[in-house]
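Here's the structure we're looking at; comments come further down.
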Amino acid sequence: MSTLATPTTAPEFQIHASEHPVPDAERAAALATPKFGTVFTDHMARISWSQATGWRDHRVEPYGPLQLDPATAVLHYAQEIFEGLKAYRHPDGTVWTFRPEANAARFQRSARRLALPELPEADFIGAIRALVEVDRAWVPTGEETSLYLRPFMYASEAFLGVRASLEAEFLVIASPVGPYFAEGVKPVSIWVSREYHRAGAGGTGAAKAGGNYAASLLPQQEAYAKGFEQVCFLDDRTGTQLEELGGMNVVVVHADGSVATPPLSGTILEGVTRSSILRLLADAGHEVSERPILLDELRAGLADGSVREVFACGTAAVMTPIGRLASDDFDLVVGDGTAGPVTTRIRAELTDIQYGRAADRHGWMTRLV
C-alpha cells in the first residue's frame, strides 16, 4: 500500500515565492524536451543549521546563486553530501516519489561519515514535498520523463581549519529530465579501469559525497577518449573484483537465471534502485546473491555463454544494459550486444511502479501532491 504522510507529521516551510518565475511558454518548451540537469525550477527548499541552534528556518525560496565567503569550509575541505531521487506524474495528475525514506536514511549515514549534522527524515521528505508543491507545474508528463530532485548539504562555516564545520546548509533543487543517456535505453560500452580505484577500505565509498565522484572523472575522461561511455572500477585491495561504475551499481545475470552483484562491503554505494531491483528479481524467482565477483570469472562467463546479461542501475538511469566490456587485455560483447530479456523485463516492472502504471505491492511510492 502506498503512503501519503499527513500534514501534521511534516515540518512547516515558509514559502517565499519567486517574483520572476519562468514564463509559461518557456517552461512548456523546457518540459517538451527535457535534458538531464540543465534546466531548474523556479524555487529551492532550504534549511539552515548551526551547532548553537540546530535545524532552523525551513523555507522555500527563489532558485538562485548561493553567496559564499571565500573561506567557506566546503570549498577547502569538501565536507559535502547529496542525494538523488525523482518525482513522477501519474496518469491522474498526482505526483509521487520513490522510497524517499531510504534516501533520507542514506543521507543520514553519509552525513555521519562526513561529520555533518544528521537531518531528520521528516525534514528531508518535508523539504521535497514543499518544493514540489510550489513547483508542481514543472513535473513533466512525457515518456521516460520526471522531475529530478537533488537534496544536498554543505559545510557553510567561514573557517580555515581542519575540523568539522559548526554551520551547514541543506537545500533541495529540482530539474525536469528525460533519459539520463541521450540515446535512451540502449546498451553502453564499459571500460574496466586497472589503474584507478573509486574508493578504499575505511574511506568514503559508501557515502554519497562529491569527492567520490570527483575522483572518478579522470578515469571517465580516459574511457571517453578510448571510445567507451562509462568506467567500471575494481576493488583497491586485490584489483580483481568488480565494485561499481562511477555512479551506478553493477548486476550480472547468468544463463541459469541466477543473479549476482558485488556485496555492500563499505566501499560501494548502497543504491536504492539496486536494492529495489534485487527485490523484484527475487520476487520473479531468480536466485539472487550479493557476493564478490571476480573479473576473471565474468570474462570466462561472457566467453562461454554462462553470463547472458550485465546491467548497471541507479536513480538517474534506472537500469542500463551493458553491451560491451573491455580493458587493456580483453574486449568482450555481453550476450548478443543488445538489452537482455531480464534487464528489459525488470526495468519495465520497476518503471511501471514508479509511473503508477502497476500496483505498488511493496509500498514504495509516496505521494507528494
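Naming works like this for the C-alpha cells: A, B, ... for the chains as they're shown, residue 1 at the start of each chain, ligands 1 onward in shown order.
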Give me, as a VMD selection string, the residues of range 102-345 of chain A that a backbone DSSP run labels strand (DSSP E or B). chain A and resid 146 to 155 158 167 to 177 188 to 192 230 to 234 241 to 245 249 to 254 259 to 261 288 to 290 294 307 to 314 318 to 327 330 to 333
Close residues, Arg291 in chain A itself excluded, 8 Å, only C-alpha atoms, min 3 positions apart in chain, as a VMD selection string: chain A and resid 260 to 263
Quick one: of A:Pro70, A:Gly246, A:Gly335, A:Pro23, who's nearest to Gln221 in chain A, counting only C-alpha atoms?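 That would be A:Gly246, the residue with the smallest distance to Gln221 in chain A.
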Just give me the gap between CA of Ile128 in chain A and CA of Phe98 in chain A in Å, one decimal is fine.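 For CA of Ile128 in chain A relative to CA of Phe98 in chain A, the distance reads 11.8 Å.
Taking CA of Gln354 in chain A as the reference point, CA of Tyr88 in chain A is found at 6.8 Å.
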Taking only C-alpha atoms into account, name the residue in A:Ala255, A:Ala282, A:Leu149, A:Ile268 that is nearest to Val132 in chain A.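 Counting only C-alpha atoms, the residue closest to Val132 in chain A is A:Leu149.
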How would you write, as a PyMOL selection string, the set of residues in range 225-322 of chain A that DSSP gives as helix (DSSP H, G or I)? chain A and resi 225+272-283+295-304
So, counting only C-alpha atoms, which residue among A:Thr315, A:Gln230, A:Asn103, A:Thr72 is closest to Ala158 in chain A? A:Thr72
Pick from A:Asp283, A:Ser289, A:Ser18, A:Ala115: nearest to Arg361 in chain A, with only C-alpha atoms counted? A:Asp283
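In terms of minimum interatomic distance to Ser306 in chain A, A:Gly257 ranks closest within A:Gly142, A:Gly257, A:Pro151, A:Pro11, counting only C-alpha atoms.
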Closest-contact table, range 67-180 of chain A side, partner range 33-37 of chain A, 8 Å, counting only C-alpha atoms, as CSV:
```
residue,atom,partner,partner_atom,distance
A:Thr145,CA,A:Pro34,CA,7.6
A:Tyr148,CA,A:Gly37,CA,7.9
A:Ser175,CA,A:Gly37,CA,5.8
A:Pro176,CA,A:Pro34,CA,5.9
A:Val177,CA,A:Phe36,CA,4.7
A:Gly178,CA,A:Pro34,CA,5.3
A:Pro179,CA,A:Phe36,CA,7.1
A:Tyr180,CA,A:Phe36,CA,6.0
```
May I have the residues within 10 Å of Ala206 in chain A as a PyMOL selection string, using only C-alpha atoms and disregarding those fewer than 5 positions away in the same chain? chain A and resi 106+109-110+113+199-201+212+264-271
Residues as selected, N, CA and C atoms, written as an mmCIF file, in the first residue's frame, can you do that?
```
data_model
loop_
_atom_site.group_PDB
_atom_site.id
_atom_site.type_symbol
_atom_site.label_atom_id
_atom_site.label_comp_id
_atom_site.auth_asym_id
_atom_site.auth_seq_id
_atom_site.Cartn_x
_atom_site.Cartn_y
_atom_site.Cartn_z
ATOM 1 N N ARG A 106 19.941 7.070 3.936
ATOM 2 C CA ARG A 106 21.295 7.096 3.372
ATOM 3 C C ARG A 106 21.919 8.478 3.552
ATOM 4 N N ARG A 109 23.351 8.574 6.914
ATOM 5 C CA ARG A 109 24.601 7.812 7.003
ATOM 6 C C ARG A 109 25.758 8.578 6.363
ATOM 7 N N SER A 110 25.473 9.207 5.229
ATOM 8 C CA SER A 110 26.506 10.000 4.573
ATOM 9 C C SER A 110 26.933 11.168 5.454
ATOM 10 N N ARG A 113 29.253 10.029 8.197
ATOM 11 C CA ARG A 113 30.612 9.731 7.725
ATOM 12 C C ARG A 113 31.402 10.988 7.413
ATOM 13 N N ALA A 199 37.238 3.869 -4.525
ATOM 14 C CA ALA A 199 37.286 4.049 -3.077
ATOM 15 C C ALA A 199 38.106 2.933 -2.460
ATOM 16 N N GLY A 200 38.468 3.102 -1.188
ATOM 17 C CA GLY A 200 39.228 2.090 -0.482
ATOM 18 C C GLY A 200 38.623 1.793 0.874
ATOM 19 N N ALA A 201 39.073 0.712 1.484
ATOM 20 C CA ALA A 201 38.564 0.310 2.792
ATOM 21 C C ALA A 201 38.767 1.426 3.803
ATOM 22 N N ASN A 212 33.853 11.489 -4.000
ATOM 23 C CA ASN A 212 33.896 10.186 -4.666
ATOM 24 C C ASN A 212 33.716 10.342 -6.176
ATOM 25 N N LEU A 264 27.799 -5.172 -0.279
ATOM 26 C CA LEU A 264 27.991 -3.861 0.345
ATOM 27 C C LEU A 264 29.106 -3.978 1.380
ATOM 28 N N SER A 265 30.318 -3.790 0.904
ATOM 29 C CA SER A 265 31.493 -4.008 1.745
ATOM 30 C C SER A 265 31.991 -2.743 2.425
ATOM 31 N N GLY A 266 31.318 -1.625 2.193
ATOM 32 C CA GLY A 266 31.768 -0.357 2.746
ATOM 33 C C GLY A 266 32.475 0.515 1.730
ATOM 34 N N THR A 267 32.781 -0.038 0.558
ATOM 35 C CA THR A 267 33.467 0.740 -0.470
ATOM 36 C C THR A 267 32.568 1.082 -1.643
ATOM 37 N N ILE A 268 31.344 0.556 -1.681
ATOM 38 C CA ILE A 268 30.418 0.903 -2.759
ATOM 39 C C ILE A 268 29.152 1.485 -2.155
ATOM 40 N N LEU A 269 28.415 2.218 -2.995
ATOM 41 C CA LEU A 269 27.212 2.888 -2.529
ATOM 42 C C LEU A 269 26.049 1.907 -2.433
ATOM 43 N N GLU A 270 25.307 2.011 -1.364
ATOM 44 C CA GLU A 270 24.105 1.184 -1.189
ATOM 45 C C GLU A 270 22.964 1.818 -1.970
ATOM 46 N N GLY A 271 22.823 1.429 -3.225
ATOM 47 C CA GLY A 271 21.858 2.060 -4.100
ATOM 48 C C GLY A 271 20.423 1.706 -3.750
#
```
Pick out the closest residue to Ala102 in chain A from this set: A:Thr320, A:Thr238, A:Thr366, A:Ser327. Count only C-alpha atoms.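 Counting only C-alpha atoms, the residue closest to Ala102 in chain A is A:Thr366.
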What's around Gly356 in chain A at 10 Å? Count only C-alpha atoms, leave out sequence neighbours fewer than 2 positions away in its own chain, and write the answer as a PDB file with N, CA, C and O atoms, in the first residue's frame.
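Generated output (out00.pdb):
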```
ATOM      1  N   TYR A  88       7.438  11.678 -10.008  1.00  0.00           N
ATOM      2  CA  TYR A  88       6.776  11.144 -11.201  1.00  0.00           C
ATOM      3  C   TYR A  88       5.323  11.601 -11.232  1.00  0.00           C
ATOM      4  O   TYR A  88       4.613  11.491 -10.229  1.00  0.00           O
ATOM      5  N   ARG A  89       4.883  12.073 -12.400  1.00  0.00           N
ATOM      6  CA  ARG A  89       3.475  12.420 -12.548  1.00  0.00           C
ATOM      7  C   ARG A  89       2.709  11.177 -12.984  1.00  0.00           C
ATOM      8  O   ARG A  89       3.047  10.555 -13.996  1.00  0.00           O
ATOM      9  N   HIS A  90       1.677  10.807 -12.223  1.00  0.00           N
ATOM     10  CA  HIS A  90       0.866   9.638 -12.526  1.00  0.00           C
ATOM     11  C   HIS A  90      -0.271  10.020 -13.476  1.00  0.00           C
ATOM     12  O   HIS A  90      -0.562  11.204 -13.679  1.00  0.00           O
ATOM     13  N   PRO A  91      -0.912   9.021 -14.057  1.00  0.00           N
ATOM     14  CA  PRO A  91      -1.962   9.310 -15.044  1.00  0.00           C
ATOM     15  C   PRO A  91      -3.077  10.215 -14.525  1.00  0.00           C
ATOM     16  O   PRO A  91      -3.684  10.953 -15.308  1.00  0.00           O
ATOM     17  N   ASP A  92      -3.365  10.180 -13.218  1.00  0.00           N
ATOM     18  CA  ASP A  92      -4.437  11.016 -12.669  1.00  0.00           C
ATOM     19  C   ASP A  92      -3.972  12.422 -12.315  1.00  0.00           C
ATOM     20  O   ASP A  92      -4.742  13.209 -11.751  1.00  0.00           O
ATOM     21  N   THR A  94      -1.629  13.276 -10.118  1.00  0.00           N
ATOM     22  CA  THR A  94      -0.919  13.356  -8.847  1.00  0.00           C
ATOM     23  C   THR A  94       0.575  13.117  -9.066  1.00  0.00           C
ATOM     24  O   THR A  94       0.997  12.567 -10.084  1.00  0.00           O
ATOM     25  N   VAL A  95       1.377  13.549  -8.088  1.00  0.00           N
ATOM     26  CA  VAL A  95       2.833  13.459  -8.202  1.00  0.00           C
ATOM     27  C   VAL A  95       3.367  12.638  -7.035  1.00  0.00           C
ATOM     28  O   VAL A  95       3.023  12.901  -5.871  1.00  0.00           O
ATOM     29  N   TRP A  96       4.208  11.670  -7.357  1.00  0.00           N
ATOM     30  CA  TRP A  96       4.719  10.725  -6.378  1.00  0.00           C
ATOM     31  C   TRP A  96       6.237  10.623  -6.458  1.00  0.00           C
ATOM     32  O   TRP A  96       6.830  10.960  -7.481  1.00  0.00           O
ATOM     33  N   THR A 351       9.770   0.690 -13.584  1.00  0.00           N
ATOM     34  CA  THR A 351       9.274   1.981 -14.046  1.00  0.00           C
ATOM     35  C   THR A 351       7.742   2.016 -14.073  1.00  0.00           C
ATOM     36  O   THR A 351       7.150   3.076 -13.849  1.00  0.00           O
ATOM     37  N   ASP A 352       7.093   0.887 -14.315  1.00  0.00           N
ATOM     38  CA  ASP A 352       5.637   0.855 -14.250  1.00  0.00           C
ATOM     39  C   ASP A 352       5.149   1.184 -12.838  1.00  0.00           C
ATOM     40  O   ASP A 352       4.132   1.873 -12.663  1.00  0.00           O
ATOM     41  N   ILE A 353       5.848   0.693 -11.836  1.00  0.00           N
ATOM     42  CA  ILE A 353       5.509   1.031 -10.449  1.00  0.00           C
ATOM     43  C   ILE A 353       5.730   2.519 -10.210  1.00  0.00           C
ATOM     44  O   ILE A 353       4.881   3.220  -9.640  1.00  0.00           O
ATOM     45  N   GLN A 354       6.870   3.038 -10.640  1.00  0.00           N
ATOM     46  CA  GLN A 354       7.211   4.436 -10.383  1.00  0.00           C
ATOM     47  C   GLN A 354       6.244   5.401 -11.048  1.00  0.00           C
ATOM     48  O   GLN A 354       5.899   6.435 -10.479  1.00  0.00           O
ATOM     49  N   ALA A 358       1.461   0.295 -12.594  1.00  0.00           N
ATOM     50  CA  ALA A 358       1.351  -1.043 -11.999  1.00  0.00           C
ATOM     51  C   ALA A 358       1.151  -0.909 -10.502  1.00  0.00           C
ATOM     52  O   ALA A 358       1.472   0.115  -9.893  1.00  0.00           O
ATOM     53  N   ALA A 359       0.621  -1.960  -9.897  1.00  0.00           N
ATOM     54  CA  ALA A 359       0.366  -1.951  -8.455  1.00  0.00           C
ATOM     55  C   ALA A 359       1.675  -1.815  -7.680  1.00  0.00           C
ATOM     56  O   ALA A 359       2.685  -2.444  -8.005  1.00  0.00           O
ATOM     57  N   ASP A 360       1.629  -1.006  -6.639  1.00  0.00           N
ATOM     58  CA  ASP A 360       2.794  -0.782  -5.773  1.00  0.00           C
ATOM     59  C   ASP A 360       2.702  -1.749  -4.596  1.00  0.00           C
ATOM     60  O   ASP A 360       2.390  -1.372  -3.473  1.00  0.00           O
ATOM     61  N   MET A 365       5.990   3.768  -3.089  1.00  0.00           N
ATOM     62  CA  MET A 365       5.693   5.100  -3.579  1.00  0.00           C
ATOM     63  C   MET A 365       5.075   5.989  -2.488  1.00  0.00           C
ATOM     64  O   MET A 365       4.252   5.529  -1.695  1.00  0.00           O
TER      65      MET A 365
END
```
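Taking only C-alpha atoms, the non-local environment of Lys226 in chain A within 12 Å (same-chain residues fewer than 6 positions away omitted) comprises A:Ser189, A:Ile190, A:Trp191, A:Val192, A:Ser193, A:Pro219, A:Gln220, A:Ala326, A:Ser327, A:Asp328.
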All residues 8 Å or closer to Val253 in chain A, only C-alpha atoms, same chain fewer than 6 positions away omitted, as number ranges by chain: A: 259-260, 307-310, 342
Go ahead and save the residues from that selection, with all heavy atoms, as a PDB file, in the first residue's frame.
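In the end it all went to again00.pdb:
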```
ATOM      1  N   VAL A 259      21.356 -14.456 -10.366  1.00  0.00           N
ATOM      2  CA  VAL A 259      21.813 -13.072 -10.472  1.00  0.00           C
ATOM      3  C   VAL A 259      22.801 -12.803  -9.347  1.00  0.00           C
ATOM      4  O   VAL A 259      22.610 -13.262  -8.214  1.00  0.00           O
ATOM      5  CB  VAL A 259      20.619 -12.098 -10.378  1.00  0.00           C
ATOM      6  CG1 VAL A 259      21.096 -10.661 -10.374  1.00  0.00           C
ATOM      7  CG2 VAL A 259      19.645 -12.333 -11.522  1.00  0.00           C
ATOM      8  N   ALA A 260      23.874 -12.065  -9.662  1.00  0.00           N
ATOM      9  CA  ALA A 260      24.868 -11.729  -8.649  1.00  0.00           C
ATOM     10  C   ALA A 260      25.230 -10.253  -8.750  1.00  0.00           C
ATOM     11  O   ALA A 260      25.204  -9.661  -9.836  1.00  0.00           O
ATOM     12  CB  ALA A 260      26.120 -12.587  -8.822  1.00  0.00           C
ATOM     13  N   VAL A 307      27.346 -16.304 -18.732  1.00  0.00           N
ATOM     14  CA  VAL A 307      26.835 -14.983 -18.360  1.00  0.00           C
ATOM     15  C   VAL A 307      26.097 -14.425 -19.567  1.00  0.00           C
ATOM     16  O   VAL A 307      26.673 -14.282 -20.636  1.00  0.00           O
ATOM     17  CB  VAL A 307      27.973 -14.025 -17.933  1.00  0.00           C
ATOM     18  CG1 VAL A 307      27.437 -12.595 -17.810  1.00  0.00           C
ATOM     19  CG2 VAL A 307      28.579 -14.473 -16.616  1.00  0.00           C
ATOM     20  N   ARG A 308      24.806 -14.137 -19.393  1.00  0.00           N
ATOM     21  CA  ARG A 308      23.976 -13.695 -20.506  1.00  0.00           C
ATOM     22  C   ARG A 308      23.751 -12.182 -20.540  1.00  0.00           C
ATOM     23  O   ARG A 308      23.594 -11.608 -21.608  1.00  0.00           O
ATOM     24  CB  ARG A 308      22.610 -14.399 -20.439  1.00  0.00           C
ATOM     25  CG  ARG A 308      22.684 -15.889 -20.677  1.00  0.00           C
ATOM     26  CD  ARG A 308      22.967 -16.228 -22.135  1.00  0.00           C
ATOM     27  NE  ARG A 308      23.117 -17.660 -22.347  1.00  0.00           N
ATOM     28  CZ  ARG A 308      22.115 -18.511 -22.513  1.00  0.00           C
ATOM     29  NH1 ARG A 308      20.878 -18.074 -22.463  1.00  0.00           N
ATOM     30  NH2 ARG A 308      22.351 -19.793 -22.716  1.00  0.00           N
ATOM     31  N   GLU A 309      23.698 -11.575 -19.349  1.00  0.00           N
ATOM     32  CA  GLU A 309      23.414 -10.142 -19.290  1.00  0.00           C
ATOM     33  C   GLU A 309      24.230  -9.497 -18.175  1.00  0.00           C
ATOM     34  O   GLU A 309      24.540 -10.132 -17.163  1.00  0.00           O
ATOM     35  CB  GLU A 309      21.927  -9.883 -19.004  1.00  0.00           C
ATOM     36  CG  GLU A 309      20.965 -10.490 -20.001  1.00  0.00           C
ATOM     37  CD  GLU A 309      19.507 -10.290 -19.587  1.00  0.00           C
ATOM     38  OE1 GLU A 309      19.172  -9.152 -19.156  1.00  0.00           O
ATOM     39  OE2 GLU A 309      18.721 -11.248 -19.695  1.00  0.00           O
ATOM     40  N   VAL A 310      24.577  -8.235 -18.381  1.00  0.00           N
ATOM     41  CA  VAL A 310      25.159  -7.401 -17.336  1.00  0.00           C
ATOM     42  C   VAL A 310      24.479  -6.048 -17.449  1.00  0.00           C
ATOM     43  O   VAL A 310      24.294  -5.528 -18.552  1.00  0.00           O
ATOM     44  CB  VAL A 310      26.682  -7.238 -17.500  1.00  0.00           C
ATOM     45  CG1 VAL A 310      27.253  -6.428 -16.327  1.00  0.00           C
ATOM     46  CG2 VAL A 310      27.385  -8.591 -17.591  1.00  0.00           C
ATOM     47  N   VAL A 342      15.934 -10.235 -19.186  1.00  0.00           N
ATOM     48  CA  VAL A 342      15.768  -9.984 -17.749  1.00  0.00           C
ATOM     49  C   VAL A 342      15.888  -8.492 -17.466  1.00  0.00           C
ATOM     50  O   VAL A 342      15.057  -7.904 -16.757  1.00  0.00           O
ATOM     51  CB  VAL A 342      16.805 -10.783 -16.931  1.00  0.00           C
ATOM     52  CG1 VAL A 342      16.714 -10.415 -15.450  1.00  0.00           C
ATOM     53  CG2 VAL A 342      16.591 -12.282 -17.111  1.00  0.00           C
TER      54      VAL A 342
END
```
Would you pick out the contacts of Glu244 in chain A at 10 Å or less, using only C-alpha atoms, so that residues sharing its chain but fewer than 5 positions from it are not included, and give the list as an mmCIF file with all heavy atoms, in the first residue's frame?
```cif
data_model
loop_
_atom_site.group_PDB
_atom_site.id
_atom_site.type_symbol
_atom_site.label_atom_id
_atom_site.label_comp_id
_atom_site.auth_asym_id
_atom_site.auth_seq_id
_atom_site.Cartn_x
_atom_site.Cartn_y
_atom_site.Cartn_z
ATOM 1 N N HIS A 197 41.050 3.437 -8.701
ATOM 2 C CA HIS A 197 40.027 2.831 -7.853
ATOM 3 C C HIS A 197 39.096 3.928 -7.359
ATOM 4 O O HIS A 197 39.529 5.049 -7.072
ATOM 5 C CB HIS A 197 40.663 2.106 -6.665
ATOM 6 C CG HIS A 197 41.597 1.013 -7.080
ATOM 7 N ND1 HIS A 197 41.155 -0.212 -7.531
ATOM 8 C CD2 HIS A 197 42.951 0.971 -7.144
ATOM 9 C CE1 HIS A 197 42.197 -0.971 -7.850
ATOM 10 N NE2 HIS A 197 43.294 -0.274 -7.624
ATOM 11 N N ARG A 198 37.820 3.589 -7.265
ATOM 12 C CA ARG A 198 36.845 4.580 -6.826
ATOM 13 C C ARG A 198 36.970 4.879 -5.343
ATOM 14 O O ARG A 198 36.808 6.025 -4.911
ATOM 15 C CB ARG A 198 35.431 4.080 -7.139
ATOM 16 C CG ARG A 198 34.325 5.030 -6.696
ATOM 17 C CD ARG A 198 32.954 4.434 -6.943
ATOM 18 N NE ARG A 198 31.922 5.237 -6.301
ATOM 19 C CZ ARG A 198 31.566 5.119 -5.026
ATOM 20 N NH1 ARG A 198 32.153 4.214 -4.266
ATOM 21 N NH2 ARG A 198 30.619 5.891 -4.518
ATOM 22 N N VAL A 231 32.982 3.845 -16.913
ATOM 23 C CA VAL A 231 34.102 3.116 -16.318
ATOM 24 C C VAL A 231 33.588 2.185 -15.235
ATOM 25 O O VAL A 231 32.704 2.556 -14.458
ATOM 26 C CB VAL A 231 35.125 4.089 -15.687
ATOM 27 C CG1 VAL A 231 36.233 3.321 -14.963
ATOM 28 C CG2 VAL A 231 35.726 4.985 -16.738
ATOM 29 N N CYS A 232 34.133 0.975 -15.175
ATOM 30 C CA CYS A 232 33.875 0.063 -14.063
ATOM 31 C C CYS A 232 35.140 -0.033 -13.227
ATOM 32 O O CYS A 232 36.234 -0.244 -13.769
ATOM 33 C CB CYS A 232 33.480 -1.325 -14.566
ATOM 34 S SG CYS A 232 33.116 -2.513 -13.242
ATOM 35 N N PHE A 233 35.011 0.135 -11.925
ATOM 36 C CA PHE A 233 36.152 0.095 -11.023
ATOM 37 C C PHE A 233 36.258 -1.261 -10.337
ATOM 38 O O PHE A 233 35.251 -1.914 -10.078
ATOM 39 C CB PHE A 233 36.033 1.202 -9.965
ATOM 40 C CG PHE A 233 36.111 2.589 -10.544
ATOM 41 C CD1 PHE A 233 34.955 3.308 -10.819
ATOM 42 C CD2 PHE A 233 37.336 3.161 -10.835
ATOM 43 C CE1 PHE A 233 35.020 4.578 -11.365
ATOM 44 C CE2 PHE A 233 37.424 4.438 -11.379
ATOM 45 C CZ PHE A 233 36.262 5.147 -11.649
ATOM 46 N N LEU A 234 37.484 -1.642 -10.029
ATOM 47 C CA LEU A 234 37.767 -2.868 -9.301
ATOM 48 C C LEU A 234 38.144 -2.535 -7.863
ATOM 49 O O LEU A 234 38.418 -1.378 -7.527
ATOM 50 C CB LEU A 234 38.909 -3.636 -9.978
ATOM 51 C CG LEU A 234 38.701 -3.982 -11.460
ATOM 52 C CD1 LEU A 234 39.949 -4.653 -12.020
ATOM 53 C CD2 LEU A 234 37.478 -4.875 -11.649
ATOM 54 N N ASP A 235 38.162 -3.545 -7.000
ATOM 55 C CA ASP A 235 38.489 -3.312 -5.599
ATOM 56 C C ASP A 235 39.937 -2.860 -5.466
ATOM 57 O O ASP A 235 40.812 -3.236 -6.247
ATOM 58 C CB ASP A 235 38.245 -4.580 -4.769
ATOM 59 C CG ASP A 235 39.266 -5.661 -5.048
ATOM 60 O OD1 ASP A 235 39.268 -6.190 -6.191
ATOM 61 O OD2 ASP A 235 40.062 -5.981 -4.147
ATOM 62 N N ASN A 249 25.521 0.964 -9.665
ATOM 63 C CA ASN A 249 25.857 -0.393 -9.237
ATOM 64 C C ASN A 249 25.806 -1.335 -10.434
ATOM 65 O O ASN A 249 25.208 -1.029 -11.456
ATOM 66 C CB ASN A 249 24.874 -0.866 -8.159
ATOM 67 C CG ASN A 249 24.915 -0.013 -6.898
ATOM 68 O OD1 ASN A 249 23.930 0.590 -6.526
ATOM 69 N ND2 ASN A 249 26.059 0.040 -6.246
ATOM 70 N N VAL A 250 26.450 -2.508 -10.301
ATOM 71 C CA VAL A 250 26.551 -3.477 -11.391
ATOM 72 C C VAL A 250 25.881 -4.784 -10.980
ATOM 73 O O VAL A 250 26.040 -5.246 -9.844
ATOM 74 C CB VAL A 250 28.026 -3.750 -11.745
ATOM 75 C CG1 VAL A 250 28.129 -4.762 -12.879
ATOM 76 C CG2 VAL A 250 28.723 -2.467 -12.138
ATOM 77 N N VAL A 251 25.143 -5.397 -11.912
ATOM 78 C CA VAL A 251 24.471 -6.674 -11.676
ATOM 79 C C VAL A 251 24.751 -7.602 -12.856
ATOM 80 O O VAL A 251 24.713 -7.175 -14.013
ATOM 81 C CB VAL A 251 22.946 -6.478 -11.503
ATOM 82 C CG1 VAL A 251 22.260 -7.821 -11.251
ATOM 83 C CG2 VAL A 251 22.648 -5.503 -10.363
ATOM 84 N N THR A 261 25.567 -9.667 -7.608
ATOM 85 C CA THR A 261 26.016 -8.277 -7.559
ATOM 86 C C THR A 261 27.032 -8.152 -6.434
ATOM 87 O O THR A 261 26.970 -8.891 -5.439
ATOM 88 C CB THR A 261 24.825 -7.325 -7.331
ATOM 89 O OG1 THR A 261 25.243 -5.966 -7.542
ATOM 90 C CG2 THR A 261 24.258 -7.457 -5.936
ATOM 91 N N PRO A 262 28.024 -7.254 -6.558
ATOM 92 C CA PRO A 262 29.018 -7.101 -5.501
ATOM 93 C C PRO A 262 28.367 -6.752 -4.161
ATOM 94 O O PRO A 262 27.359 -6.033 -4.123
ATOM 95 C CB PRO A 262 29.900 -5.957 -6.007
ATOM 96 C CG PRO A 262 29.781 -6.034 -7.495
ATOM 97 C CD PRO A 262 28.347 -6.435 -7.741
ATOM 98 N N THR A 267 32.781 -0.038 0.558
ATOM 99 C CA THR A 267 33.467 0.740 -0.470
ATOM 100 C C THR A 267 32.568 1.082 -1.643
ATOM 101 O O THR A 267 32.989 1.815 -2.546
ATOM 102 C CB THR A 267 34.707 -0.013 -0.991
ATOM 103 O OG1 THR A 267 34.298 -1.285 -1.508
ATOM 104 C CG2 THR A 267 35.726 -0.221 0.114
ATOM 105 N N ILE A 268 31.344 0.556 -1.681
ATOM 106 C CA ILE A 268 30.418 0.903 -2.759
ATOM 107 C C ILE A 268 29.152 1.485 -2.155
ATOM 108 O O ILE A 268 28.842 1.275 -0.974
ATOM 109 C CB ILE A 268 30.092 -0.288 -3.675
ATOM 110 C CG1 ILE A 268 29.243 -1.332 -2.938
ATOM 111 C CG2 ILE A 268 31.352 -0.916 -4.232
ATOM 112 C CD1 ILE A 268 28.758 -2.455 -3.854
ATOM 113 N N LEU A 269 28.415 2.218 -2.995
ATOM 114 C CA LEU A 269 27.212 2.888 -2.529
ATOM 115 C C LEU A 269 26.049 1.907 -2.433
ATOM 116 O O LEU A 269 25.848 1.085 -3.334
ATOM 117 C CB LEU A 269 26.856 4.016 -3.495
ATOM 118 C CG LEU A 269 25.776 4.981 -3.025
ATOM 119 C CD1 LEU A 269 26.255 5.811 -1.844
ATOM 120 C CD2 LEU A 269 25.357 5.894 -4.174
ATOM 121 N N ALA A 312 23.803 -2.013 -15.390
ATOM 122 C CA ALA A 312 24.104 -1.054 -14.333
ATOM 123 C C ALA A 312 22.802 -0.425 -13.883
ATOM 124 O O ALA A 312 21.835 -0.346 -14.653
ATOM 125 C CB ALA A 312 25.061 0.018 -14.847
ATOM 126 N N CYS A 313 22.742 0.020 -12.631
ATOM 127 C CA CYS A 313 21.494 0.583 -12.123
ATOM 128 C C CYS A 313 21.764 1.729 -11.162
ATOM 129 O O CYS A 313 22.758 1.756 -10.441
ATOM 130 C CB CYS A 313 20.647 -0.496 -11.440
ATOM 131 S SG CYS A 313 21.458 -1.362 -10.080
#
```
Which residues of range 161-270 of chain A have any atom within 10 Å of an atom in range 62-66 of chain A when counting only C-alpha atoms, and what is the closest pair of atoms for each, with the distance in Å to one decimal? Order the rows by chain and rising number and write it as JSON lines.
```
{"residue": "A:Val172", "atom": "CA", "partner": "A:Tyr63", "partner_atom": "CA", "distance": 9.9}
{"residue": "A:Ile173", "atom": "CA", "partner": "A:Tyr63", "partner_atom": "CA", "distance": 7.7}
{"residue": "A:Ala174", "atom": "CA", "partner": "A:Tyr63", "partner_atom": "CA", "distance": 9.5}
```
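Straight-line separation from CA of Asp331 in chain A to CA of Leu295 in chain A: 12.6 Å.
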